[in-house]
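Coordinates from target-v7.csv are shown below (CSV, C-alpha atoms).
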```csv
chain,number,residue,atom,x,y,z
A,1323,MET,CA,-27.4,13.2,-216.4
A,1324,SER,CA,-25.0,10.3,-217.0
A,1325,ARG,CA,-22.4,12.1,-215.0
A,1326,LEU,CA,-24.8,12.6,-212.1
A,1327,VAL,CA,-25.7,8.9,-212.2
A,1328,ARG,CA,-22.0,8.0,-212.2
A,1329,TYR,CA,-21.3,10.2,-209.2
A,1330,THR,CA,-24.3,9.0,-207.3
A,1331,GLY,CA,-23.2,5.3,-207.8
A,1332,LEU,CA,-19.7,6.2,-206.7
A,1333,PHE,CA,-21.0,7.9,-203.6
A,1334,LEU,CA,-23.1,4.9,-202.7
A,1335,LEU,CA,-20.1,2.6,-203.1
A,1336,ILE,CA,-18.1,4.8,-200.8
A,1337,ILE,CA,-20.8,4.7,-198.2
A,1338,LEU,CA,-21.2,0.9,-198.5
A,1339,GLY,CA,-17.5,0.4,-198.3
A,1340,THR,CA,-17.3,2.6,-195.2
A,1341,SER,CA,-20.2,0.7,-193.6
A,1342,CYS,CA,-18.5,-2.7,-194.3
A,1343,THR,CA,-15.2,-1.4,-192.8
A,1344,LYS,CA,-17.0,-0.2,-189.7
A,1345,PHE,CA,-18.8,-3.5,-189.3
A,1346,LYS,CA,-15.6,-5.5,-189.7
A,1347,LYS,CA,-13.9,-3.4,-187.0
A,1348,LEU,CA,-16.8,-4.0,-184.7
A,1349,GLN,CA,-16.5,-7.7,-185.2
A,1350,LYS,CA,-12.8,-7.6,-184.3
A,1351,SER,CA,-13.5,-5.5,-181.2
A,1352,SER,CA,-12.9,-7.3,-177.9
A,1353,ASP,CA,-15.2,-4.9,-176.0
A,1354,TRP,CA,-18.6,-6.6,-175.8
A,1355,LYS,CA,-20.3,-3.4,-174.7
A,1356,VAL,CA,-19.3,-1.7,-177.9
A,1357,LYS,CA,-20.7,-4.6,-179.9
A,1358,TYR,CA,-23.9,-4.6,-177.8
A,1359,THR,CA,-24.5,-0.9,-178.4
A,1360,ALA,CA,-23.8,-1.3,-182.1
A,1361,ALA,CA,-26.1,-4.3,-182.3
A,1362,LEU,CA,-29.0,-2.2,-180.8
A,1363,GLU,CA,-28.2,0.6,-183.3
A,1364,TYR,CA,-28.3,-1.8,-186.2
A,1365,TYR,CA,-31.5,-3.2,-184.9
A,1366,GLU,CA,-33.1,0.2,-184.6
A,1367,ASN,CA,-32.0,0.9,-188.2
A,1368,LYS,CA,-33.6,-2.3,-189.4
A,1369,ASP,CA,-30.2,-3.9,-190.3
A,1370,TYR,CA,-31.3,-7.2,-188.7
A,1371,TYR,CA,-28.5,-9.3,-190.2
A,1372,ARG,CA,-25.7,-7.3,-188.8
A,1373,SER,CA,-27.5,-6.9,-185.5
A,1374,SER,CA,-27.9,-10.7,-185.3
A,1375,VAL,CA,-24.2,-11.3,-186.1
A,1376,LEU,CA,-23.0,-9.1,-183.4
A,1377,LEU,CA,-25.5,-10.4,-180.8
A,1378,GLU,CA,-24.5,-14.0,-181.7
A,1379,GLU,CA,-20.9,-13.1,-180.9
A,1380,ILE,CA,-21.6,-11.6,-177.5
A,1381,LEU,CA,-24.5,-13.7,-176.1
A,1382,PRO,CA,-22.2,-16.4,-174.7
A,1383,ILE,CA,-20.1,-13.7,-173.0
A,1384,ILE,CA,-22.8,-11.7,-171.4
A,1385,ARG,CA,-24.8,-14.6,-170.0
A,1386,GLY,CA,-26.0,-13.6,-166.5
A,1387,THR,CA,-25.5,-9.9,-167.0
A,1388,GLU,CA,-28.2,-7.2,-167.0
A,1389,GLU,CA,-27.9,-6.7,-170.7
A,1390,ALA,CA,-28.4,-10.4,-171.6
A,1391,GLU,CA,-32.2,-10.4,-171.2
A,1392,LYS,CA,-32.8,-7.6,-173.8
A,1393,ALA,CA,-30.0,-9.0,-176.1
A,1394,ASN,CA,-31.7,-12.4,-176.2
A,1395,PHE,CA,-35.1,-10.9,-176.8
A,1396,ILE,CA,-33.8,-8.7,-179.7
A,1397,TYR,CA,-31.8,-11.6,-181.0
A,1398,ALA,CA,-35.0,-13.6,-181.6
A,1399,TYR,CA,-36.6,-10.7,-183.3
A,1400,THR,CA,-33.7,-10.3,-185.7
A,1401,TYR,CA,-34.5,-13.7,-187.1
A,1402,PHE,CA,-38.2,-13.0,-187.3
A,1403,TYR,CA,-37.6,-9.8,-189.3
A,1404,GLN,CA,-35.3,-11.8,-191.7
A,1405,ASN,CA,-38.2,-14.2,-192.3
A,1406,GLN,CA,-36.3,-17.1,-190.6
A,1407,TYR,CA,-39.4,-18.2,-188.7
A,1408,ILE,CA,-38.1,-21.6,-187.5
A,1409,LEU,CA,-35.1,-19.9,-185.8
A,1410,SER,CA,-37.2,-17.1,-184.4
A,1411,ALA,CA,-39.7,-19.5,-182.9
A,1412,HIS,CA,-36.9,-21.4,-181.4
A,1413,TYR,CA,-35.2,-18.4,-179.8
A,1414,PHE,CA,-38.5,-16.9,-178.6
A,1415,LYS,CA,-39.3,-20.2,-176.9
A,1416,THR,CA,-35.8,-20.4,-175.4
A,1417,PHE,CA,-36.3,-16.8,-174.1
A,1418,THR,CA,-39.5,-17.8,-172.3
A,1419,GLU,CA,-37.8,-20.8,-170.7
A,1420,VAL,CA,-34.8,-18.8,-169.5
A,1421,TYR,CA,-36.4,-15.5,-168.6
A,1422,GLY,CA,-39.8,-16.7,-167.2
A,1423,ARG,CA,-40.2,-13.5,-165.1
A,1424,SER,CA,-39.1,-11.0,-167.7
A,1425,GLU,CA,-41.3,-8.1,-168.7
A,1426,TYR,CA,-41.0,-9.4,-172.3
A,1427,VAL,CA,-42.1,-13.0,-171.5
A,1428,VAL,CA,-45.7,-12.6,-172.7
A,1429,GLU,CA,-44.7,-11.0,-175.9
A,1430,ALA,CA,-42.0,-13.6,-176.5
A,1431,SER,CA,-44.5,-16.4,-175.9
A,1432,TYR,CA,-46.8,-14.8,-178.4
A,1433,MET,CA,-44.0,-14.3,-180.9
A,1434,ASN,CA,-43.0,-18.0,-180.5
A,1435,ALA,CA,-46.6,-18.9,-181.5
A,1436,TYR,CA,-46.8,-16.3,-184.2
A,1437,SER,CA,-43.5,-17.4,-185.7
A,1438,THR,CA,-44.9,-20.9,-185.9
A,1439,TYR,CA,-48.0,-19.5,-187.6
A,1440,LYS,CA,-45.8,-17.8,-190.2
A,1441,GLN,CA,-44.5,-21.2,-191.2
A,1442,SER,CA,-48.0,-22.4,-192.2
A,1443,PRO,CA,-48.1,-23.1,-195.9
A,1444,GLN,CA,-50.8,-22.6,-198.5
A,1445,PRO,CA,-53.7,-25.1,-198.3
A,1446,SER,CA,-52.5,-27.3,-201.2
A,1447,LEU,CA,-49.3,-28.2,-199.2
A,1448,ASP,CA,-48.8,-30.5,-196.2
A,1449,GLN,CA,-50.4,-28.8,-193.2
A,1450,THR,CA,-48.2,-30.2,-190.3
A,1451,SER,CA,-47.0,-26.7,-189.6
A,1452,THR,CA,-50.6,-25.5,-189.5
A,1453,TYR,CA,-51.5,-28.0,-186.8
A,1454,GLU,CA,-48.4,-27.0,-184.8
A,1455,ALA,CA,-49.3,-23.3,-185.1
A,1456,ILE,CA,-52.8,-23.9,-183.8
A,1457,THR,CA,-51.4,-25.9,-180.9
A,1458,ALA,CA,-48.8,-23.1,-180.1
A,1459,LEU,CA,-51.4,-20.4,-180.3
A,1460,GLN,CA,-53.8,-22.3,-178.1
A,1461,ILE,CA,-51.1,-23.0,-175.5
A,1462,PHE,CA,-50.5,-19.2,-175.5
A,1463,LEU,CA,-54.2,-18.4,-175.0
A,1464,ASN,CA,-54.5,-21.0,-172.2
A,1465,LYS,CA,-51.5,-19.4,-170.4
A,1466,TYR,CA,-52.3,-15.8,-171.1
A,1467,PRO,CA,-56.0,-15.6,-171.8
A,1468,SER,CA,-56.3,-11.8,-171.0
A,1469,SER,CA,-53.1,-10.5,-172.7
A,1470,GLN,CA,-53.1,-7.8,-175.3
A,1471,TYR,CA,-52.3,-10.5,-177.9
A,1472,SER,CA,-55.3,-12.7,-177.1
A,1473,ASP,CA,-57.7,-11.3,-179.6
A,1474,GLU,CA,-55.2,-11.6,-182.4
A,1475,ALA,CA,-54.2,-15.1,-181.4
A,1476,GLU,CA,-57.9,-16.2,-181.6
A,1477,LYS,CA,-58.2,-14.6,-185.1
A,1478,LEU,CA,-55.0,-16.5,-186.2
A,1479,ILE,CA,-56.4,-19.8,-184.9
A,1480,THR,CA,-59.7,-19.2,-186.9
A,1481,GLU,CA,-57.7,-18.4,-190.0
A,1482,LEU,CA,-55.6,-21.6,-189.7
A,1483,GLN,CA,-58.8,-23.7,-189.1
A,1484,VAL,CA,-60.3,-22.2,-192.3
A,1485,LYS,CA,-57.1,-23.2,-194.1
A,1486,LEU,CA,-57.4,-26.8,-192.8
A,1487,GLU,CA,-61.1,-26.8,-193.8
A,1488,THR,CA,-60.1,-25.7,-197.3
A,1489,LYS,CA,-57.5,-28.4,-197.5
A,1490,ALA,CA,-60.0,-31.1,-196.4
A,1491,TYR,CA,-62.6,-29.7,-198.9
A,1492,ASN,CA,-60.1,-29.8,-201.8
A,1493,ASN,CA,-58.9,-33.3,-200.9
A,1494,ALA,CA,-62.4,-34.6,-200.8
A,1495,LYS,CA,-63.3,-33.1,-204.2
A,1496,LEU,CA,-60.1,-34.4,-205.7
A,1497,TYR,CA,-61.0,-38.0,-204.7
A,1498,HIS,CA,-64.4,-37.4,-206.2
A,1499,LYS,CA,-62.9,-36.1,-209.4
A,1500,LEU,CA,-60.5,-39.0,-209.7
A,1501,SER,CA,-63.4,-41.5,-209.2
A,1502,ARG,CA,-61.8,-42.9,-206.1
A,1503,TYR,CA,-65.3,-43.5,-204.7
A,1504,LYS,CA,-64.5,-45.2,-201.4
A,1505,ALA,CA,-61.8,-42.7,-200.5
A,1506,ALA,CA,-64.2,-39.8,-201.4
A,1507,LEU,CA,-67.0,-41.1,-199.2
A,1508,ILE,CA,-64.7,-41.4,-196.3
A,1509,ALA,CA,-63.4,-37.9,-197.0
A,1510,PHE,CA,-67.0,-36.5,-197.2
A,1511,ASP,CA,-67.9,-38.2,-193.9
A,1512,ASN,CA,-64.8,-37.0,-192.2
A,1513,PHE,CA,-65.3,-33.5,-193.4
A,1514,SER,CA,-68.9,-33.4,-192.1
A,1515,ASN,CA,-67.7,-34.6,-188.7
A,1516,ASP,CA,-64.7,-32.3,-188.5
A,1517,TYR,CA,-66.4,-29.2,-189.8
A,1518,PRO,CA,-70.1,-29.4,-188.9
A,1519,ASP,CA,-70.7,-25.7,-189.4
A,1520,SER,CA,-68.8,-25.4,-192.7
A,1521,LYS,CA,-70.4,-23.5,-195.6
A,1522,TYR,CA,-69.3,-26.4,-197.9
A,1523,ASN,CA,-71.4,-29.1,-196.1
A,1524,PRO,CA,-74.5,-28.8,-198.5
A,1525,GLU,CA,-72.2,-29.4,-201.4
A,1526,MET,CA,-70.3,-32.2,-199.6
A,1527,ALA,CA,-73.7,-33.9,-198.8
A,1528,TYR,CA,-74.7,-33.8,-202.4
A,1529,LEU,CA,-71.4,-35.1,-203.7
A,1530,ALA,CA,-71.6,-38.0,-201.2
A,1531,VAL,CA,-75.0,-39.0,-202.7
A,1532,GLU,CA,-73.6,-38.8,-206.2
A,1533,THR,CA,-70.5,-40.7,-205.2
A,1534,ALA,CA,-72.4,-43.4,-203.4
A,1535,PHE,CA,-74.6,-43.9,-206.5
A,1536,ASP,CA,-71.6,-44.0,-208.8
A,1537,LEU,CA,-69.9,-46.6,-206.5
A,1538,ALA,CA,-73.1,-48.7,-206.6
A,1539,GLU,CA,-73.2,-48.6,-210.4
A,1540,VAL,CA,-69.6,-49.9,-210.8
A,1541,SER,CA,-69.8,-52.5,-208.0
A,1542,VAL,CA,-70.1,-56.2,-208.4
A,1543,LYS,CA,-73.7,-57.5,-208.2
A,1544,ASP,CA,-73.3,-58.8,-204.7
A,1545,LYS,CA,-72.5,-55.3,-203.4
A,1546,GLN,CA,-74.9,-53.3,-205.4
A,1547,GLU,CA,-78.0,-53.6,-203.3
A,1548,GLU,CA,-76.1,-52.5,-200.2
A,1549,ARG,CA,-74.6,-49.5,-202.0
A,1550,TYR,CA,-77.9,-48.4,-203.6
A,1551,ARG,CA,-79.3,-48.5,-200.1
A,1552,ASP,CA,-76.4,-46.3,-198.9
A,1553,THR,CA,-77.2,-43.8,-201.6
A,1554,VAL,CA,-80.8,-43.6,-200.4
A,1555,GLU,CA,-79.8,-43.1,-196.8
A,1556,ARG,CA,-77.4,-40.4,-197.7
A,1557,TYR,CA,-80.0,-38.6,-199.7
A,1558,GLU,CA,-82.5,-38.8,-196.9
A,1559,LYS,CA,-79.9,-37.4,-194.4
A,1560,MET,CA,-79.1,-34.6,-196.9
A,1561,VAL,CA,-82.8,-33.6,-197.2
A,1562,ASP,CA,-83.2,-33.7,-193.4
A,1563,ARG,CA,-80.1,-31.6,-192.8
A,1564,PHE,CA,-80.3,-29.2,-195.7
A,1565,PRO,CA,-83.9,-28.9,-196.8
A,1566,ASN,CA,-83.2,-25.8,-198.8
A,1567,SER,CA,-80.1,-27.0,-200.5
A,1568,PRO,CA,-79.7,-26.0,-204.1
A,1569,TYR,CA,-78.4,-29.5,-204.8
A,1570,ILE,CA,-81.6,-31.4,-203.8
A,1571,SER,CA,-83.1,-31.6,-207.3
A,1572,GLU,CA,-79.9,-33.1,-208.7
A,1573,ALA,CA,-79.5,-35.5,-205.7
A,1574,GLU,CA,-83.1,-36.6,-206.2
A,1575,LYS,CA,-82.3,-38.2,-209.5
A,1576,PHE,CA,-79.8,-40.5,-207.9
A,1577,TYR,CA,-82.3,-41.2,-205.1
A,1578,MET,CA,-85.1,-42.2,-207.6
A,1579,GLU,CA,-82.8,-44.4,-209.7
A,1580,SER,CA,-81.5,-46.1,-206.6
A,1581,MET,CA,-85.1,-46.8,-205.4
A,1582,GLU,CA,-85.8,-48.3,-208.8
A,1583,GLN,CA,-82.8,-50.6,-208.5
A,1584,LEU,CA,-83.7,-51.6,-205.0
A,1585,ALA,CA,-87.2,-52.5,-206.2
A,1586,ILE,CA,-85.7,-54.8,-208.8
A,1587,PHE,CA,-83.6,-56.4,-206.1
A,1588,ALA,CA,-86.6,-56.8,-203.9
A,1589,ASP,CA,-88.5,-58.6,-206.7
A,1590,GLN,CA,-85.6,-60.9,-207.4
A,1591,ASN,CA,-85.3,-61.7,-203.7
A,1592,ASN,CA,-89.0,-62.6,-203.4
A,1593,LYS,CA,-88.8,-64.9,-206.5
A,1594,ASN,CA,-85.8,-66.7,-205.0
A,1595,GLN,CA,-87.5,-67.4,-201.7
```
Do you think you could lay out the structure here as structure tokens?
Amino acid sequence: MSRLVRYTGLFLLIILGTSCTKFKKLQKSSDWKVKYTAALEYYENKDYYRSSVLLEEILPIIRGTEEAEKANFIYAYTYFYQNQYILSAHYFKTFTEVYGRSEYVVEASYMNAYSTYKQSPQPSLDQTSTYEAITALQIFLNKYPSSQYSDEAEKLITELQVKLETKAYNNAKLYHKLSRYKAALIAFDNFSNDYPDSKYNPEMAYLAVETAFDLAEVSVKDKQEERYRDTVERYEKMVDRFPNSPYISEAEKFYMESMEQLAIFADQNNKNQ
């Protein structure tokens, strides 16, 4: 068995060495057609790195030839399949600009947007790339609304919007957890405006009531009446918008205590008149 393993390893080394020698010879070749054919073969065999190296060497030489269009299209794909999405997005976009009448232009336009989508990070990270991906996909849909990629592009936009929604939801809850009351209230309000149909809105509305009450409790006396009133208003909006919310009974506690505090303020104001 050990001898078989040794021979197998030796055989693989010989193949690898032969492959490397062949590739080096191709790189040294002055015949761009030989390199072009080899680049296509490497691409078909999913050796995207070697394919990209050979294509990069010949692209400046074959500019304006019949082969240039396909070479540039494949060149963009070699970076996509190597997970180098910034480069693939760039080269797909360049392709659409240079070969606007190509049979590949719709696919290249979609792949430019899809490469941008692939750069979108997880919700906990900065979402600049996500916004860029949504824009790129929407531009594609506006330009090619009936293409074979349209349904998939719409699904990707929905997925990215959910990611942004999750990011906003987590940020708002983090402000609440850290007792950054003013920032949390702004985040809750922004979330409600930006995602009016979100499944998280009943919870956001409840947390807004709780946060408004907590802010009133820790405020200086001159600000408390105004902030207890804000708690009451938020509770009333919550009940109107989500009458079957599972959070109503909890929110009602903050509402009742706020009403009691407002009654005390009303008595004090009457005595001072």
So, with only C-alpha atoms as the atoms that count, which of A:Thr1553, A:Gln1590, A:Ser1541, A:Thr1343 lies closest to Leu1529 of chain A? A:Thr1553
Report, in Å to a single decimal, how far apart atom CA of Glu1579 of chain A and atom CA of Thr1533 of chain A are. 13.6 Å
Between A:Glu1366, A:Glu1429, A:Glu1539, A:Glu1476, which one has atoms that come closest to Tyr1403 of chain A, using only C-alpha atoms? A:Glu1366
Out of A:Tyr1577, A:Glu1532, A:Arg1372, A:Thr1418, which residue has the shortest atom-to-atom distance to Cys1342 of chain A when counting all atoms listed in the file? A:Arg1372
Quick one, how far is atom CA of Met1433 of chain A from atom CA of Tyr1358 of chain A?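 Atom-to-atom, atom CA of Met1433 of chain A to atom CA of Tyr1358 of chain A, that is 22.5 Å.
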Box along x, y and z, 6 Å on every side, all listed atoms of segment 1528-1542 of chain A inside: centre and edge lengths in Å to one decimal, as lines of an AutoDock Vina configuration file.
```
center_x = -72.3
center_y = -45.0
center_z = -206.0
size_x = 17.4
size_y = 34.4
size_z = 21.6
```
One number please: atom CA of Lys1415 of chain A to atom CA of Thr1450 of chain A, in Å, one decimal.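 These two atoms are separated by 18.9 Å.
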For Lys1477 of chain A, please output as a list in words all residues within 12 Å (counting only C-alpha atoms; exclusion window: fewer than 2 positions along the same chain).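 Using only C-alpha atoms, the neighbours found are Tyr1436, Tyr1439, Ile1456, Leu1459, Gln1460, Leu1463, Tyr1471, Ser1472, Asp1473, Glu1474, Ala1475, Ile1479, Thr1480, Glu1481, Leu1482, Gln1483 and Val1484 of chain A.
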Applying 12 Å and all atoms listed in the file, which residues near Asp1448 of chain A remain after dropping the ones on its own chain fewer than 4 positions away? List them as a list in words.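 Neighbouring residues, sequence-local ones excluded: Gln1441, Ser1442, Pro1443, Gln1444, Thr1452, Tyr1453, Glu1454, Lys1485, Leu1486, Lys1489, Ala1490 and Asn1493 of chain A.
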Contacts of segment 1513-1517 of chain A at 9 Å or less, counting only C-alpha atoms, minus same-chain residues fewer than 4 places along, as a list in words?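 Close residues of segment 1513-1517 of chain A: Glu1487, Ala1490, Tyr1491, Ala1494, Ile1508, Ala1509, Asn1523, Met1526 and Ala1527 of chain A.
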Please, could you write that set of residues out with C-alpha atoms as a PDB file, in the frame of the given file?
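Result went into part_17.pdb, see below:
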```pdb
ATOM      1  CA  GLU A1487     -61.100 -26.800-193.800  1.00  0.00           C
ATOM      2  CA  ALA A1490     -60.000 -31.100-196.400  1.00  0.00           C
ATOM      3  CA  TYR A1491     -62.600 -29.700-198.900  1.00  0.00           C
ATOM      4  CA  ALA A1494     -62.400 -34.600-200.800  1.00  0.00           C
ATOM      5  CA  ILE A1508     -64.700 -41.400-196.300  1.00  0.00           C
ATOM      6  CA  ALA A1509     -63.400 -37.900-197.000  1.00  0.00           C
ATOM      7  CA  ASN A1523     -71.400 -29.100-196.100  1.00  0.00           C
ATOM      8  CA  MET A1526     -70.300 -32.200-199.600  1.00  0.00           C
ATOM      9  CA  ALA A1527     -73.700 -33.900-198.800  1.00  0.00           C
TER      10      ALA A1527
END
```
Please identify all polymer residues within 9 Å of Pro1524 of chain A, counting only C-alpha atoms, omitting same-chain residues fewer than 6 positions from it, and present them as a list in words.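 Counting only C-alpha atoms, the residues come to Met1560, Arg1563, Phe1564, Ser1567, Pro1568 and Tyr1569 of chain A.
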Give me the residues within 9 Å of Asn1394 of chain A as a list in words, counting only C-alpha atoms and dropping any in the same chain fewer than 4 places off.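 The filter keeps Leu1377, Leu1381, Glu1389, Ala1390, Ala1398, Tyr1399, Tyr1413, Phe1414 and Phe1417 of chain A.
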Given all atoms listed in the file as the counted atoms, nearest of A:Ser1451, A:Thr1387, A:Asn1591, A:Ser1424 to Ile1408 of chain A: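 Residue with the minimum atom-to-atom distance to Ile1408 of chain A: A:Ser1451.
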Ranking A:Thr1416, A:Ser1469, A:Asn1434, A:Gln1349 by minimum distance to Ala1361 of chain A and counting all atoms listed in the file, which one comes first?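 So, comparing all the options, the nearest one is A:Gln1349.
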Closest of A:Ile1383, A:Ile1396, A:Leu1478, A:Ala1530 to Tyr1364 of chain A - atom-to-atom distances counting all atoms listed in the file: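 Counting all atoms listed in the file, the residue closest to Tyr1364 of chain A is A:Ile1396.
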